[in-house]
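Taking it in order: structure first as structure tokens, then the write-up.
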There are 2 protein chains.
Amino acid sequence: MQNIIKNLIQKNKTKIILAVLDGLGGLPINGRTELETALTPNLDGLAKVSACGLHMPVGYGITPGSGPGHLGIFGYDPVECMIGRGILEALGLGMEVRKTDVAVRCNYATIKDGIIIDRRAGRIPTDYNRKLTDKLQQEIKRIDDVEIIFAAGMEHRIAVVMRFPEALEPGSADVEDTDPQKEGMPPLAPRPNTDNAEKVAVVAAKFIERTHQVLKEEEKANYLMMRGFSGTPHIPTFEDAFGLKALAIATYPMYRGLAKIVAMDTPPLEGSVEDQVKFMEAKFDAYDFFFLHVKKIDSYGEDGNFDGKAARIEEFDELLPRIMALNPDVLVITGDHSTPAIMRGHSWHPVPVLLKSPYVYGGLCAAFSERECTKGELGIFPAVNLMPLVLANALRLKKFGA
Amino acid sequence: MQNIIKNLIQKNKTKIILAVLDGLGGLPINGRTELETALTPNLDGLAKVSACGLHMPVGYGITPGSGPGHLGIFGYDPVECMIGRGILEALGLGMEVRKTDVAVRCNYATIKDGIIIDRRAGRIPTDYNRKLTDKLQQEIKRIDDVEIIFAAGMEHRIAVVMRFPEALEPGSADVEDTDPQKEGMPPLAPRPNTDNAEKVAVVAAKFIERTHQVLKEEEKANYLMMRGFSGTPHIPTFEDAFGLKALAIATYPMYRGLAKIVAMDTPPLEGSVEDQVKFMEAKFDAYDFFFLHVKKIDSYGEDGNFDGKAARIEEFDELLPRIMALNPDVLVITGDHSTPAIMRGHSWHPVPVLLKSPYVYGGLCAAFSERECTKGELGIFPAVNLMPLVLANALRLKKFGA
């Protein structure tokens with residue numbers, strides 16, 4: 001179906017806003033979900049005149065990570081276009097990843113006589129991790145013609161980007177983890193699973209040796225194990241796929257990184273959701289498509305803070321009139337996945353969607369909520385179909401067949 | 001899925017009526033769609049006791065042409081079974097197309113010293129086109145062993161059917177357009193893209209030469225350019241696919257042509273919708289399946305005539321008791337696509353479906369409309385699944401598996 005869409009794309013002057021309220025969907029406590037609890041007169045009013053429904057990020061019963069959650073609503077099949085663990089780790093730490101790069105999650109570990117005796121190096125403090133990682137970066141800037149970039153994570157975790165001089169072929173990052181997943185075992189070799197992966201495996205082997213030389217006097221964190229070797233997915237850019245010049249308005253590195261993977265413009269940005277809306281106002285003439293990412297709703301869900309999550313939804317609701325004042329041709333408000341506070345994490349539940357354009361029925365939902373959206377004209381649909389619907393409502397798809 | 005259906009087919013004496021109200025779906029003006037505005041007591045009464053829902057002709061956001069729109073509700077995957085431009089053009093002009101045929105859209109053009117100087121020959125009047133096309137037909141009846149059949153279209157457009165002595169292999173019509181799409185260029189050669197297409201390309205080259213000889217003294221329309229070479233799709237007949245002896249009751253050539261492509265019986269027919277219903281009454285004993293095509297609803301939608309479209313729906317509603325009086329085992333009322341008057345053309349919106357049989361719940365929809373159908377027991381489903389539902393309700397599908 002994606003090939004069909006590609007052949008139907010036509011350009012025009014329409015403006016599209018996609019507001020992603022991260023982790024929007026929830027579950028009831030005392031009969032009401034977070035979204036049903038929040039006072040959201042603006043969202044509710046808009047839902048009454050919009051096409052509503054729920055999108056299913058990946059499939060029935062499948063709880064998506066942030067990668068598949070976003071790729072789906074960006075119009076990419078989240079199963080075909082997997083984003084590797086290493087890449088996600090690197091993006092989450094604010095690292096840039098390019099088509100030349102292989103990203104890896106590493107663990108500080110303790111090794112003795114060639115045997116792993118602690119896979120997490122006693123969960124060293126994050127501060128100490130930072131100190132060690134700075135030292136590694138100072139000592140190791142290149143391996144052969146490959147630039148090496150480190151970023152400290154939490155406790156024993158660290159991300160590494162290997163930047164090769166040229167764009168990598170598919171399969172280049174297909175290298176086996178070196179973590180044996182068990183203590184009392186030697187680390188594994190970074191074995192290449194394809195011919196294309198051989199040069200990455202060679203750099204990895206040298207990386208392990210070089211980092212061990214730097215760390216070997218450490219009492220605990222004297223070794224690095226490598227996991228989740230991954231390159232950027234070989235997918236078309238958002239502009240190539242949909243003919244849209246897109247701006248990502250996100251304050252968290254992970255989501256800017258996801259937008260960068262599909263080559264949206266992703267300027268660094270800090271501040272409140274209001275600051276994000278201000279930024280969109282300032283840039284509204286310069287782009288066709290605006291991906292506005294609102295993070296905090298998910299964060300409170302992850303913390304199990306039901307009322308906090310509802311309050312963050314209300315905060316967005318207060319800003320909605322400013323977004324509507326931009327008068328986009330198509331406005332979509334949804335989430336990338338559900339994060340019910342009672343589950344303290346992502347869930348498989350489909351996510352409310354509201355789509356406003358001149359070409360909807362409306363009049364089917366009394367409010368914007370999980371339950372009201374089940375009554376909407378869009379039904380429950382795979383997330384990957386959101387973009388075709390958006391493009392159609394922006395009159396950016398030609399007729400199929402005569 | 002189609003293979004499974006094929007293996008489950010069983011025959012019986014049930015009668016099925018599929019009424020296709022062309023372009024049925026619409027969008028609201030002042031809060032009501034065309035279908036919601038029309039006074040349709042019979043449709044509304046039937047919707048209350050029927051299985052209702054909406055079918056999606058091709059996919060989310062995809063606006064179907066008449067070809068994919070009809071193939072889908074006939075039970076053929078509209079993406080796999082594309083009907084070529086030349087075939088559609090020929091069908092629309094009332095030409096017959098057979099398995100031996102390649103159909104082509106041609107343009108009268110102006111050529112000078114081997115260069116196209118007007119791709120549309122100054123948009124010659126349709127009358128003059130007819131005169132020229134008659135002359136071509138008189139002069140050119142065959143090229144080698146291939147019969148050549150001309151039909152004048154509007155202004156500079158004409159359709160040509162090349163009737164070969166034997167059924168054509170797949171890929172035979174895969175010949176490049178000769179229209180360079182730009183003036184100031186020479187016409188292109190009819191280049192074959194497959195081995196099977198070589199004989200068609202040879203006939204096309206001779207056709208270009210022969211027609212130019214006939215036209216060369218014309219001031220403007222002195223040349224024919226060829227586009228959209230296409231053969232009939234290689235798909236099973238309706239009877240082979242579903243075990244149904246089918247009658248098409250359509251007054252417009254395009255829709256008779258689409259029915260002929262799946263080998264329904266398609267007698268020529270003129271007159272009002274009432275005349276069509278009369279015809280169905282007269283033939284009701286002789287067939288299992290009746291495809292009743294009601295065109296005018298779409299025509300008014302295409303013209304942006306909201307009230308006219310609503311009035312044509314009312315006209316059908318008045319005839320509905322006569323259709324119900326035939327007491328079909330399964331009665332389906334739907335459209336091939338939506339044609340909202342406010343869009344003056346086809347759209348991507350799913351299309352209301354009403355299915356009456358003894359094996360439905362009913363009681364979910366208060367009326368037959370886009371919005372009421374969202375509450376129905378069939379949900380929103382791909383058009384290609386309509387025929388399996390129809391067959392099941394006609395008890396014409398065996399159990400799958402033990």
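If you're wondering about the labels, chains in the structure tokens are A, B, ... by order shown, residues count from 1 in each chain, ligands from 1 in order shown.
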
Contact table chain A vs chain B, cut-off 8 Å, shortest pair per residue, only C-alpha atoms, as a tab-separated table:
residue	atom	partner	partner_atom	distance
A:Met1	CA	B:Gly59	CA	7.7
A:Ile5	CA	B:Ile62	CA	7.8
A:Tyr359	CA	B:Leu27	CA	6.7
A:Val360	CA	B:Leu27	CA	6.8
A:Tyr361	CA	B:Leu27	CA	6.1
A:Leu364	CA	B:Arg371	CA	7.3
A:Lys375	CA	B:Lys375	CA	7.2
A:Gly376	CA	B:Thr374	CA	7.4
A:Glu377	CA	B:Thr374	CA	6.1
A:Gly379	CA	B:Ile380	CA	6.9
A:Asn385	CA	B:Tyr60	CA	5.9
A:Leu386	CA	B:Tyr60	CA	7.8
A:Pro388	CA	B:Gly61	CA	4.9
A:Leu389	CA	B:Gly61	CA	4.2
A:Val390	CA	B:Gly61	CA	7.5
A:Leu391	CA	B:Gly61	CA	7.2
A:Ala392	CA	B:Gly61	CA	5.0
A:Asn393	CA	B:Gly61	CA	7.7
A:Leu397	CA	B:Ile62	CA	7.2
A:Lys398	CA	B:Thr63	CA	7.2
A:Lys399	CA	B:Thr63	CA	4.9
A:Phe400	CA	B:Pro64	CA	4.9
A:Gly401	CA	B:Gly65	CA	4.9
A:Ala402	CA	B:Gly65	CA	4.5

Using DSSP on the backbone, list every residue of stretch 33-160 of chain B that comes out as strand (DSSP E or B), and give them as an mmCIF file with N, CA and C atoms, in the first residue's frame.
data_model
loop_
_atom_site.group_PDB
_atom_site.id
_atom_site.type_symbol
_atom_site.label_atom_id
_atom_site.label_comp_id
_atom_site.auth_asym_id
_atom_site.auth_seq_id
_atom_site.Cartn_x
_atom_site.Cartn_y
_atom_site.Cartn_z
ATOM 1 N N ALA B 51 -27.685 -5.497 8.438
ATOM 2 C CA ALA B 51 -26.291 -5.325 8.853
ATOM 3 C C ALA B 51 -25.760 -4.119 8.090
ATOM 4 N N CYS B 52 -25.250 -3.136 8.827
ATOM 5 C CA CYS B 52 -24.720 -1.942 8.179
ATOM 6 C C CYS B 52 -23.243 -1.756 8.521
ATOM 7 N N GLY B 53 -22.602 -0.941 7.743
ATOM 8 C CA GLY B 53 -21.197 -0.625 7.959
ATOM 9 C C GLY B 53 -20.737 0.267 6.829
ATOM 10 N N LEU B 54 -19.435 0.390 6.676
ATOM 11 C CA LEU B 54 -18.878 1.163 5.557
ATOM 12 C C LEU B 54 -17.748 0.367 4.937
ATOM 13 N N HIS B 55 -17.705 0.344 3.598
ATOM 14 C CA HIS B 55 -16.577 -0.343 2.969
ATOM 15 C C HIS B 55 -15.562 0.687 2.492
ATOM 16 N N MET B 56 -14.301 0.290 2.587
ATOM 17 C CA MET B 56 -13.224 1.136 2.113
ATOM 18 C C MET B 56 -12.789 0.610 0.757
ATOM 19 N N PRO B 64 -10.640 6.190 -5.048
ATOM 20 C CA PRO B 64 -10.624 5.254 -6.166
ATOM 21 C C PRO B 64 -11.262 5.826 -7.430
ATOM 22 N N ASP B 101 -7.935 -8.347 -27.031
ATOM 23 C CA ASP B 101 -7.833 -6.931 -27.403
ATOM 24 C C ASP B 101 -6.778 -6.176 -26.616
ATOM 25 N N VAL B 102 -6.183 -5.179 -27.307
ATOM 26 C CA VAL B 102 -5.427 -4.134 -26.621
ATOM 27 C C VAL B 102 -6.151 -2.826 -26.908
ATOM 28 N N ALA B 103 -6.416 -2.077 -25.844
ATOM 29 C CA ALA B 103 -7.097 -0.787 -26.008
ATOM 30 C C ALA B 103 -6.108 0.329 -25.726
ATOM 31 N N VAL B 104 -6.269 1.430 -26.450
ATOM 32 C CA VAL B 104 -5.336 2.548 -26.361
ATOM 33 C C VAL B 104 -6.132 3.844 -26.368
ATOM 34 N N ARG B 105 -5.705 4.805 -25.563
ATOM 35 C CA ARG B 105 -6.233 6.167 -25.692
ATOM 36 C C ARG B 105 -5.347 6.883 -26.697
ATOM 37 N N CYS B 106 -5.951 7.532 -27.656
ATOM 38 C CA CYS B 106 -5.150 8.322 -28.585
ATOM 39 C C CYS B 106 -5.567 9.786 -28.495
ATOM 40 N N ASN B 107 -4.645 10.639 -28.844
ATOM 41 C CA ASN B 107 -4.915 12.075 -28.997
ATOM 42 C C ASN B 107 -4.670 12.464 -30.437
ATOM 43 N N TYR B 108 -5.597 13.212 -31.020
ATOM 44 C CA TYR B 108 -5.247 13.936 -32.234
ATOM 45 C C TYR B 108 -4.228 15.005 -31.865
ATOM 46 N N ALA B 109 -3.178 15.116 -32.690
ATOM 47 C CA ALA B 109 -2.115 16.085 -32.414
ATOM 48 C C ALA B 109 -1.706 16.738 -33.730
ATOM 49 N N THR B 110 -0.937 17.818 -33.599
ATOM 50 C CA THR B 110 -0.406 18.479 -34.786
ATOM 51 C C THR B 110 1.097 18.239 -34.841
ATOM 52 N N ILE B 111 1.530 17.697 -35.975
ATOM 53 C CA ILE B 111 2.959 17.415 -36.132
ATOM 54 C C ILE B 111 3.455 18.201 -37.343
ATOM 55 N N LYS B 112 4.687 18.706 -37.268
ATOM 56 C CA LYS B 112 5.270 19.427 -38.395
ATOM 57 C C LYS B 112 6.747 19.082 -38.460
ATOM 58 N N ILE B 115 8.014 17.009 -35.668
ATOM 59 C CA ILE B 115 8.001 17.542 -34.301
ATOM 60 C C ILE B 115 6.548 17.831 -33.903
ATOM 61 N N ILE B 116 6.184 17.437 -32.678
ATOM 62 C CA ILE B 116 4.838 17.710 -32.179
ATOM 63 C C ILE B 116 4.749 19.199 -31.853
ATOM 64 N N ILE B 117 3.845 19.911 -32.540
ATOM 65 C CA ILE B 117 3.728 21.335 -32.194
ATOM 66 C C ILE B 117 2.449 21.622 -31.406
ATOM 67 N N ASP B 118 1.493 20.687 -31.412
ATOM 68 C CA ASP B 118 0.333 20.828 -30.520
ATOM 69 C C ASP B 118 -0.138 19.426 -30.156
ATOM 70 N N ARG B 142 -8.186 -3.046 -40.825
ATOM 71 C CA ARG B 142 -7.267 -4.079 -40.318
ATOM 72 C C ARG B 142 -5.835 -3.594 -40.494
ATOM 73 N N ILE B 143 -4.974 -4.079 -39.621
ATOM 74 C CA ILE B 143 -3.535 -3.961 -39.834
ATOM 75 C C ILE B 143 -3.005 -5.376 -39.679
ATOM 76 N N VAL B 146 -4.894 -7.988 -37.567
ATOM 77 C CA VAL B 146 -5.486 -7.350 -36.391
ATOM 78 C C VAL B 146 -6.600 -6.389 -36.822
ATOM 79 N N GLU B 147 -7.780 -6.608 -36.247
ATOM 80 C CA GLU B 147 -8.888 -5.709 -36.530
ATOM 81 C C GLU B 147 -8.689 -4.412 -35.736
ATOM 82 N N ILE B 148 -8.975 -3.277 -36.375
ATOM 83 C CA ILE B 148 -8.797 -1.979 -35.717
ATOM 84 C C ILE B 148 -10.163 -1.321 -35.589
ATOM 85 N N ILE B 149 -10.503 -0.931 -34.347
ATOM 86 C CA ILE B 149 -11.813 -0.329 -34.101
ATOM 87 C C ILE B 149 -11.608 1.024 -33.431
ATOM 88 N N PHE B 150 -12.191 2.051 -34.030
ATOM 89 C CA PHE B 150 -12.029 3.418 -33.529
ATOM 90 C C PHE B 150 -13.303 3.868 -32.812
ATOM 91 N N ALA B 151 -13.155 4.768 -31.834
ATOM 92 C CA ALA B 151 -14.324 5.444 -31.249
ATOM 93 C C ALA B 151 -13.918 6.854 -30.850
ATOM 94 N N ALA B 152 -14.659 7.832 -31.361
ATOM 95 C CA ALA B 152 -14.362 9.227 -31.042
ATOM 96 C C ALA B 152 -14.753 9.535 -29.610
ATOM 97 N N ARG B 157 -9.784 13.622 -28.143
ATOM 98 C CA ARG B 157 -9.547 12.276 -27.600
ATOM 99 C C ARG B 157 -10.237 11.198 -28.438
ATOM 100 N N ILE B 158 -9.583 10.082 -28.587
ATOM 101 C CA ILE B 158 -10.185 8.960 -29.294
ATOM 102 C C ILE B 158 -9.667 7.663 -28.693
ATOM 103 N N ALA B 159 -10.474 6.642 -28.741
ATOM 104 C CA ALA B 159 -10.058 5.336 -28.231
ATOM 105 C C ALA B 159 -9.943 4.367 -29.401
ATOM 106 N N VAL B 160 -8.967 3.469 -29.296
ATOM 107 C CA VAL B 160 -8.742 2.494 -30.352
ATOM 108 C C VAL B 160 -8.625 1.110 -29.723
#

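If you look at atom CA of A:Gly23 and atom CA of A:Ala310, they are 11.5 Å away from each other.
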
| If you count only C-alpha atoms, which residues fall within 8 Å of B:Val273, apart from same-chain ones fewer than 3 positions away, as a PyMOL selection string? | chain B and resi 276-277+294+316

| task | Work out how far atom CA of A:Thr211 is from atom CA of A:Leu136, in Å to one decimal. | result |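 The value is 6.8 Å.
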
| Of the residues B:Leu258, B:Ile140, B:Cys81, B:Ala38, which is the one nearest to B:Val97, using only C-alpha atoms? |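 When distances to B:Val97 are compared using only C-alpha atoms, the smallest one comes from B:Leu258.
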
| task | Skip A:Thr194 itself and residues of its chain fewer than 2 positions away, then list as JSON, numbers by chain all residues within 12 Å of it, counting only C-alpha atoms. | result | {"A": [169, 170, 171, 172, 173, 174, 175, 176, 191, 192, 196, 197, 198, 199, 200, 201]}

| said: With only C-alpha atoms as the counted atoms, please give the residues lying no more than 6 Å from A:Lys309, apart from itself and same-chain residues fewer than 4 positions off, as a list in words. | reply: Ile297, Tyr300 and Gly301 of chain A

Distance query B:Ser272 at most 10 Å, only C-alpha atoms, self and fewer than 6 positions along chain excluded, as a JSON list (two decimals) with C-alpha atoms, in the first residue's frame:
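Final file, result_1.json:
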[["chain", "number", "residue", "atom", "x", "y", "z"],
["B", 251, "THR", "CA", -27.28, 2.10, -18.57],
["B", 278, "LYS", "CA", -38.43, -3.36, -14.44],
["B", 294, "VAL", "CA", -27.50, 3.67, -10.50],
["B", 296, "LYS", "CA", -26.97, 9.72, -11.65]]

| task | Would you please work out which residue, of A:Leu188, A:Ala121, A:Val49, A:Ala394, is nearest to A:Lys11 when using only C-alpha atoms? | result |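 Closest candidate: A:Ala394.
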
DSSP helix (DSSP H, G or I) residues within stretch 206-316 of chain A, as a short mmCIF file (atom, residue, chain, number, x, y, z; two decimals) with C-alpha atoms, in the first residue's frame:
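Ended up saving to states.cif:
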data_model
loop_
_atom_site.label_atom_id
_atom_site.label_comp_id
_atom_site.auth_asym_id
_atom_site.auth_seq_id
_atom_site.Cartn_x
_atom_site.Cartn_y
_atom_site.Cartn_z
CA LYS A 206 39.81 -3.13 18.15
CA PHE A 207 37.39 -0.99 20.19
CA ILE A 208 37.13 -3.67 22.86
CA GLU A 209 40.90 -3.96 23.05
CA ARG A 210 41.53 -0.20 23.10
CA THR A 211 38.88 0.54 25.74
CA HIS A 212 40.18 -2.29 27.91
CA GLN A 213 43.67 -0.75 27.75
CA VAL A 214 42.24 2.54 29.01
CA LEU A 215 40.11 0.90 31.72
CA PHE A 238 9.66 11.93 5.00
CA GLU A 239 9.93 14.38 2.12
CA ASP A 240 10.62 11.62 -0.42
CA ALA A 241 7.84 9.44 0.96
CA PHE A 242 5.14 12.10 1.30
CA PRO A 253 16.63 14.13 22.18
CA MET A 254 14.99 10.73 21.54
CA TYR A 255 12.13 12.26 19.57
CA ARG A 256 14.29 14.71 17.71
CA GLY A 257 16.41 11.69 16.84
CA LEU A 258 13.40 9.76 15.55
CA ALA A 259 12.41 12.76 13.44
CA LYS A 260 15.98 13.01 12.14
CA ILE A 261 15.89 9.38 11.04
CA VAL A 273 5.05 23.19 25.58
CA GLU A 274 4.10 26.84 25.23
CA ASP A 275 7.62 27.56 24.02
CA GLN A 276 7.19 24.77 21.49
CA VAL A 277 3.93 26.30 20.26
CA LYS A 278 5.63 29.70 20.00
CA PHE A 279 8.35 28.11 17.93
CA MET A 280 5.76 26.57 15.62
CA GLU A 281 4.05 29.95 15.24
CA ALA A 282 7.36 31.53 14.26
CA LYS A 283 8.12 28.83 11.69
CA LYS A 296 5.50 15.06 29.79
CA ILE A 297 2.15 13.27 29.50
CA ASP A 298 4.02 10.01 29.03
CA SER A 299 6.51 10.75 31.79
CA TYR A 300 3.75 11.06 34.42
CA GLY A 301 2.13 7.90 33.09
CA GLU A 302 5.43 6.06 33.45
CA PHE A 306 -2.52 9.52 37.24
CA ASP A 307 -3.37 13.07 38.34
CA GLY A 308 -0.07 14.44 37.06
CA LYS A 309 -0.74 12.89 33.66
CA ALA A 310 -4.25 14.38 33.59
CA ALA A 311 -2.83 17.78 34.55
CA ARG A 312 -0.34 17.66 31.66
CA ILE A 313 -3.21 16.87 29.28
CA GLU A 314 -5.06 19.92 30.64
CA GLU A 315 -1.95 22.02 30.05
CA PHE A 316 -2.00 21.01 26.39
#

| message | Quick check, in Å to one decimal: how far apart do atom CA of A:Val262 and atom CA of A:Gly72 lie? | response | 11.8 Å
